[in-house]
Amino acid sequence: MRKLWIALLVLVLISPLGIILPALFDSGSAWGEWSSQQVGEMVGFIPKGMEKLEALWKAPLPDYSLPLFGQSLKGLSLGYIVSAFLGTLLVVALVYGIGLYMTRGRHDAP
Amino acid sequence: MHIPDGYLGPYTYVFFFLVMAGLWSYGGRRLQKSLKARQVPFLAVGAAFSFLVMMFNVPIPAGTTGHAVGAVAIAIILGPWAALLTVSVALIIQALLFGDGGITAIGANAFNMAFLMPFIGYLVFVVLNRLQGEKRVFLSAAIAGYIGLNFAALATAVELGIQPLLHSVAGRPLYCPYPLTITVPAMMIGHLLPFGFVEAIVTGFVVTFMRKEWGEVT
């Protein structure tokens, strides 16, 4: 089990590869994940419903970045690691909690 | 593959929330029946693995990016209902905290990546593993991962591409403006080529490693 937790930690630490490589190859964003502004530039108009729904939710750490670290690749990478760590903690805590709840009072047969 | 807010109109996102509400409640009961206490830590690791692997954007030079999801690996190791739960939790955290995928699109994104992908991948694996035997587990898992990811990509493309048909005013789309003839090729080229291969390698590697270390976790 320890091996798996260490593997996850390694993934957290090397996660900035997920933004550094695309930056290196000038790849832009994923297809269909642009802002309404960008869509407007591509198709010549901003779809009305898109503009409205887009404003519905402001994520605290948008695109896995910490606003206080700035927009340099270094700042973004640091924010990415912090986001990866935080997200992992949350996901693990939630699923662990659900799993413990589901198996409460249960002892595995040998 | 994470559909943001604003790309799907209300017919589509409400529909997928309803579908997922049913699947989440049925799947939760299915999982509870079969889940063993010693599998719980593996379940948590699986969710974290999926969350993290989706952060590794793979570039197509001067084009776009995509990523693996890990859902098929989880389905093969812990079962498809476990994959439904773990990938759904990862997707919900991604949407709420990091704005990766919209909150209105959580249902659709979960349907694509947490339901369709692991269940199709799991079925493919079961069939191939029976045909090819345990010696070729890497290949069976890799093909299952590849096919699973591509079904998720195709579903995403269809959901996006039907928006202009469902919601347009005076010929102007209100949500995703691209029709099927654009969304399907655009999504599929990336996933049939680089991203599908990344998913295949990740799935093959993780499944082989887990079987060697723990045998059948389930």
# chains A, B, ... in the order shown; residues from 1 in each chain; ligands from 1
>>> interface_residues(of="chain B", to="chain A", cutoff="7 Å", atoms="only C-alpha atoms", output="PyMOL selection string")
chain B and resi 3-7+32+35-37+40-41+43-45+47-49+51-52+55-66+86+89-90+93+96-100+173-175+187
>>> write_last_selection(atoms="C-alpha atoms", output="compact mmCIF listing (two decimals), in the first residue's frame")
# COMPACT_ATOMS: atom_id res chain seq x y z
CA ILE B 3 -17.23 20.12 -20.93
CA PRO B 4 -17.27 23.62 -19.37
CA ASP B 5 -20.34 25.61 -18.30
CA GLY B 6 -22.06 27.22 -21.24
CA TYR B 7 -21.45 24.54 -23.86
CA GLN B 32 -21.88 -1.22 -1.03
CA LEU B 35 -17.11 -3.66 -1.26
CA LYS B 36 -14.73 -5.23 1.24
CA ALA B 37 -13.20 -3.24 4.08
CA VAL B 40 -11.35 0.98 0.86
CA PRO B 41 -7.76 2.33 0.78
CA LEU B 43 -10.66 2.91 -3.65
CA ALA B 44 -9.20 6.16 -2.29
CA VAL B 45 -5.93 5.65 -4.17
CA ALA B 47 -9.80 8.19 -7.07
CA ALA B 48 -6.58 10.15 -6.47
CA PHE B 49 -4.93 8.35 -9.40
CA PHE B 51 -7.73 12.95 -10.43
CA LEU B 52 -3.96 13.25 -10.94
CA MET B 55 -3.83 16.77 -14.84
CA PHE B 56 -1.18 15.44 -17.23
CA ASN B 57 -2.14 17.26 -20.39
CA VAL B 58 -0.54 15.64 -23.40
CA PRO B 59 0.28 18.14 -26.15
CA ILE B 60 -0.33 17.88 -29.86
CA PRO B 61 2.27 20.35 -31.16
CA ALA B 62 0.70 23.66 -32.24
CA GLY B 63 -2.71 22.03 -31.85
CA THR B 64 -4.49 21.03 -28.70
CA THR B 65 -4.11 18.98 -25.55
CA GLY B 66 -5.81 15.96 -24.06
CA THR B 86 -14.11 7.29 -7.78
CA VAL B 89 -15.74 12.25 -7.07
CA ALA B 90 -12.60 13.33 -8.96
CA ILE B 93 -13.75 18.23 -7.16
CA LEU B 96 -16.01 22.88 -8.01
CA LEU B 97 -12.47 23.73 -6.96
CA PHE B 98 -10.53 24.08 -10.19
CA GLY B 99 -13.13 25.05 -12.80
CA ASP B 100 -12.11 22.03 -14.91
CA PRO B 173 -26.57 28.75 -31.59
CA LEU B 174 -27.05 29.68 -27.93
CA TYR B 175 -24.53 27.20 -26.55
CA MET B 187 -12.57 15.23 -30.71
>>> atom_distance(atom1="CA of Pro67 in chain A", atom2="CA of His67 in chain B")
23.8 Å
>>> select_by_dssp(residues="range 37-198 of chain B", states="strand (DSSP E)", output="JSON, numbers by chain")
{"B": [58, 59, 65, 66, 168, 169, 172, 173]}
>>> residues_around(residues="Phe111 in chain B", least_positions_apart="2", cutoff="10 Å", atoms="only C-alpha atoms", output="MDAnalysis selection string")
chainID B and resid 16:17 19:20 23 84 88 105:109 113:117 152 155:156
>>> write_last_selection(atoms="N, CA and C atoms", output="PDB file, in the first residue's frame")
ATOM      1  N   PHE B  16     -28.675  14.696 -18.330  1.00  0.00           N
ATOM      2  CA  PHE B  16     -27.566  13.890 -17.812  1.00  0.00           C
ATOM      3  C   PHE B  16     -27.491  13.904 -16.288  1.00  0.00           C
ATOM      4  N   PHE B  17     -27.954  14.996 -15.653  1.00  0.00           N
ATOM      5  CA  PHE B  17     -28.035  14.972 -14.193  1.00  0.00           C
ATOM      6  C   PHE B  17     -29.035  13.912 -13.728  1.00  0.00           C
ATOM      7  N   VAL B  19     -29.991  11.182 -15.427  1.00  0.00           N
ATOM      8  CA  VAL B  19     -29.420   9.860 -15.691  1.00  0.00           C
ATOM      9  C   VAL B  19     -28.401   9.504 -14.609  1.00  0.00           C
ATOM     10  N   MET B  20     -27.537  10.478 -14.283  1.00  0.00           N
ATOM     11  CA  MET B  20     -26.487  10.191 -13.305  1.00  0.00           C
ATOM     12  C   MET B  20     -27.059  10.023 -11.902  1.00  0.00           C
ATOM     13  N   LEU B  23     -27.926   6.501 -11.797  1.00  0.00           N
ATOM     14  CA  LEU B  23     -26.744   5.634 -11.795  1.00  0.00           C
ATOM     15  C   LEU B  23     -25.976   5.735 -10.480  1.00  0.00           C
ATOM     16  N   LEU B  84     -17.097   4.107 -11.256  1.00  0.00           N
ATOM     17  CA  LEU B  84     -18.153   5.134 -11.326  1.00  0.00           C
ATOM     18  C   LEU B  84     -18.051   6.090 -10.136  1.00  0.00           C
ATOM     19  N   SER B  88     -16.260   9.870 -10.531  1.00  0.00           N
ATOM     20  CA  SER B  88     -17.257  10.920 -10.298  1.00  0.00           C
ATOM     21  C   SER B  88     -16.769  11.899  -9.238  1.00  0.00           C
ATOM     22  N   ALA B 105     -22.302  20.919 -16.136  1.00  0.00           N
ATOM     23  CA  ALA B 105     -21.936  19.786 -16.990  1.00  0.00           C
ATOM     24  C   ALA B 105     -21.452  18.576 -16.190  1.00  0.00           C
ATOM     25  N   ILE B 106     -21.530  18.643 -14.861  1.00  0.00           N
ATOM     26  CA  ILE B 106     -21.036  17.521 -14.045  1.00  0.00           C
ATOM     27  C   ILE B 106     -21.742  16.218 -14.435  1.00  0.00           C
ATOM     28  N   GLY B 107     -23.048  16.289 -14.665  1.00  0.00           N
ATOM     29  CA  GLY B 107     -23.780  15.080 -15.043  1.00  0.00           C
ATOM     30  C   GLY B 107     -23.266  14.495 -16.343  1.00  0.00           C
ATOM     31  N   ALA B 108     -23.129  15.353 -17.373  1.00  0.00           N
ATOM     32  CA  ALA B 108     -22.671  14.876 -18.675  1.00  0.00           C
ATOM     33  C   ALA B 108     -21.221  14.381 -18.599  1.00  0.00           C
ATOM     34  N   ASN B 109     -20.371  15.138 -17.936  1.00  0.00           N
ATOM     35  CA  ASN B 109     -18.972  14.723 -17.829  1.00  0.00           C
ATOM     36  C   ASN B 109     -18.844  13.402 -17.076  1.00  0.00           C
ATOM     37  N   MET B 113     -17.104  10.070 -18.662  1.00  0.00           N
ATOM     38  CA  MET B 113     -15.812   9.602 -18.141  1.00  0.00           C
ATOM     39  C   MET B 113     -15.933   8.642 -16.970  1.00  0.00           C
ATOM     40  N   ALA B 114     -17.030   8.755 -16.184  1.00  0.00           N
ATOM     41  CA  ALA B 114     -17.155   7.900 -14.996  1.00  0.00           C
ATOM     42  C   ALA B 114     -18.111   6.737 -15.223  1.00  0.00           C
ATOM     43  N   PHE B 115     -18.942   6.815 -16.263  1.00  0.00           N
ATOM     44  CA  PHE B 115     -19.848   5.694 -16.539  1.00  0.00           C
ATOM     45  C   PHE B 115     -19.510   4.985 -17.854  1.00  0.00           C
ATOM     46  N   LEU B 116     -19.685   5.696 -18.964  1.00  0.00           N
ATOM     47  CA  LEU B 116     -19.488   5.067 -20.273  1.00  0.00           C
ATOM     48  C   LEU B 116     -18.085   4.475 -20.414  1.00  0.00           C
ATOM     49  N   MET B 117     -17.097   5.281 -20.112  1.00  0.00           N
ATOM     50  CA  MET B 117     -15.708   4.844 -20.302  1.00  0.00           C
ATOM     51  C   MET B 117     -15.341   3.605 -19.484  1.00  0.00           C
ATOM     52  N   ALA B 152     -15.748   7.675 -24.574  1.00  0.00           N
ATOM     53  CA  ALA B 152     -16.012   8.886 -23.798  1.00  0.00           C
ATOM     54  C   ALA B 152     -15.860  10.121 -24.689  1.00  0.00           C
ATOM     55  N   ALA B 155     -18.855  10.371 -27.080  1.00  0.00           N
ATOM     56  CA  ALA B 155     -20.061  10.847 -26.386  1.00  0.00           C
ATOM     57  C   ALA B 155     -19.972  12.352 -26.150  1.00  0.00           C
ATOM     58  N   THR B 156     -18.803  12.810 -25.730  1.00  0.00           N
ATOM     59  CA  THR B 156     -18.594  14.245 -25.518  1.00  0.00           C
ATOM     60  C   THR B 156     -18.862  15.010 -26.813  1.00  0.00           C
TER      61      THR B 156
END
>>> select_by_dssp(residues="chain A", states="alpha helix (DSSP H)", output="PyMOL selection string")
chain A and resi 2-14+17-24+36-43+48-54+73-102
>>> atom_distance(atom1="CA of Ile189 in chain B", atom2="CA of Phe119 in chain B")
22.3 Å
>>> residues_around(residues="Thr203 in chain B", least_positions_apart="3", cutoff="6 Å", atoms="only C-alpha atoms", output="ChimeraX atom specification")
/B:73,141-142,145,199-200,206-207
>>> write_last_selection(atoms="N, CA and C atoms", output="mmCIF file, in the first residue's frame")
data_model
loop_
_atom_site.group_PDB
_atom_site.id
_atom_site.type_symbol
_atom_site.label_atom_id
_atom_site.label_comp_id
_atom_site.auth_asym_id
_atom_site.auth_seq_id
_atom_site.Cartn_x
_atom_site.Cartn_y
_atom_site.Cartn_z
ATOM 1 N N ALA B 73 -8.664 1.474 -16.002
ATOM 2 C CA ALA B 73 -7.760 0.783 -15.070
ATOM 3 C C ALA B 73 -8.472 0.528 -13.747
ATOM 4 N N ALA B 141 -5.644 -5.000 -21.303
ATOM 5 C CA ALA B 141 -5.966 -3.790 -20.548
ATOM 6 C C ALA B 141 -5.736 -2.552 -21.411
ATOM 7 N N ALA B 142 -4.643 -2.562 -22.181
ATOM 8 C CA ALA B 142 -4.319 -1.393 -23.009
ATOM 9 C C ALA B 142 -5.414 -1.146 -24.054
ATOM 10 N N GLY B 145 -8.500 0.239 -22.375
ATOM 11 C CA GLY B 145 -8.329 1.659 -22.043
ATOM 12 C C GLY B 145 -8.514 2.527 -23.269
ATOM 13 N N GLU B 199 -3.647 6.640 -22.817
ATOM 14 C CA GLU B 199 -4.569 5.896 -21.955
ATOM 15 C C GLU B 199 -4.249 4.399 -22.003
ATOM 16 N N ALA B 200 -3.940 3.891 -23.208
ATOM 17 C CA ALA B 200 -3.646 2.469 -23.368
ATOM 18 C C ALA B 200 -2.427 2.072 -22.542
ATOM 19 N N VAL B 206 -0.684 0.070 -15.278
ATOM 20 C CA VAL B 206 -1.275 0.066 -13.932
ATOM 21 C C VAL B 206 -1.907 -1.294 -13.626
ATOM 22 N N VAL B 207 -2.634 -1.854 -14.607
ATOM 23 C CA VAL B 207 -3.301 -3.136 -14.366
ATOM 24 C C VAL B 207 -2.273 -4.251 -14.147
#
>>> closest_residue(among="B:Leu160, B:Val87, B:Val137, B:Leu31", to="Val53 in chain B", atoms="only C-alpha atoms")
B:Val87
>>> residues_around(residues="Leu180 in chain B", least_positions_apart="4", cutoff="10 Å", atoms="only C-alpha atoms", output="ChimeraX atom specification")
/B:157-165,184-186
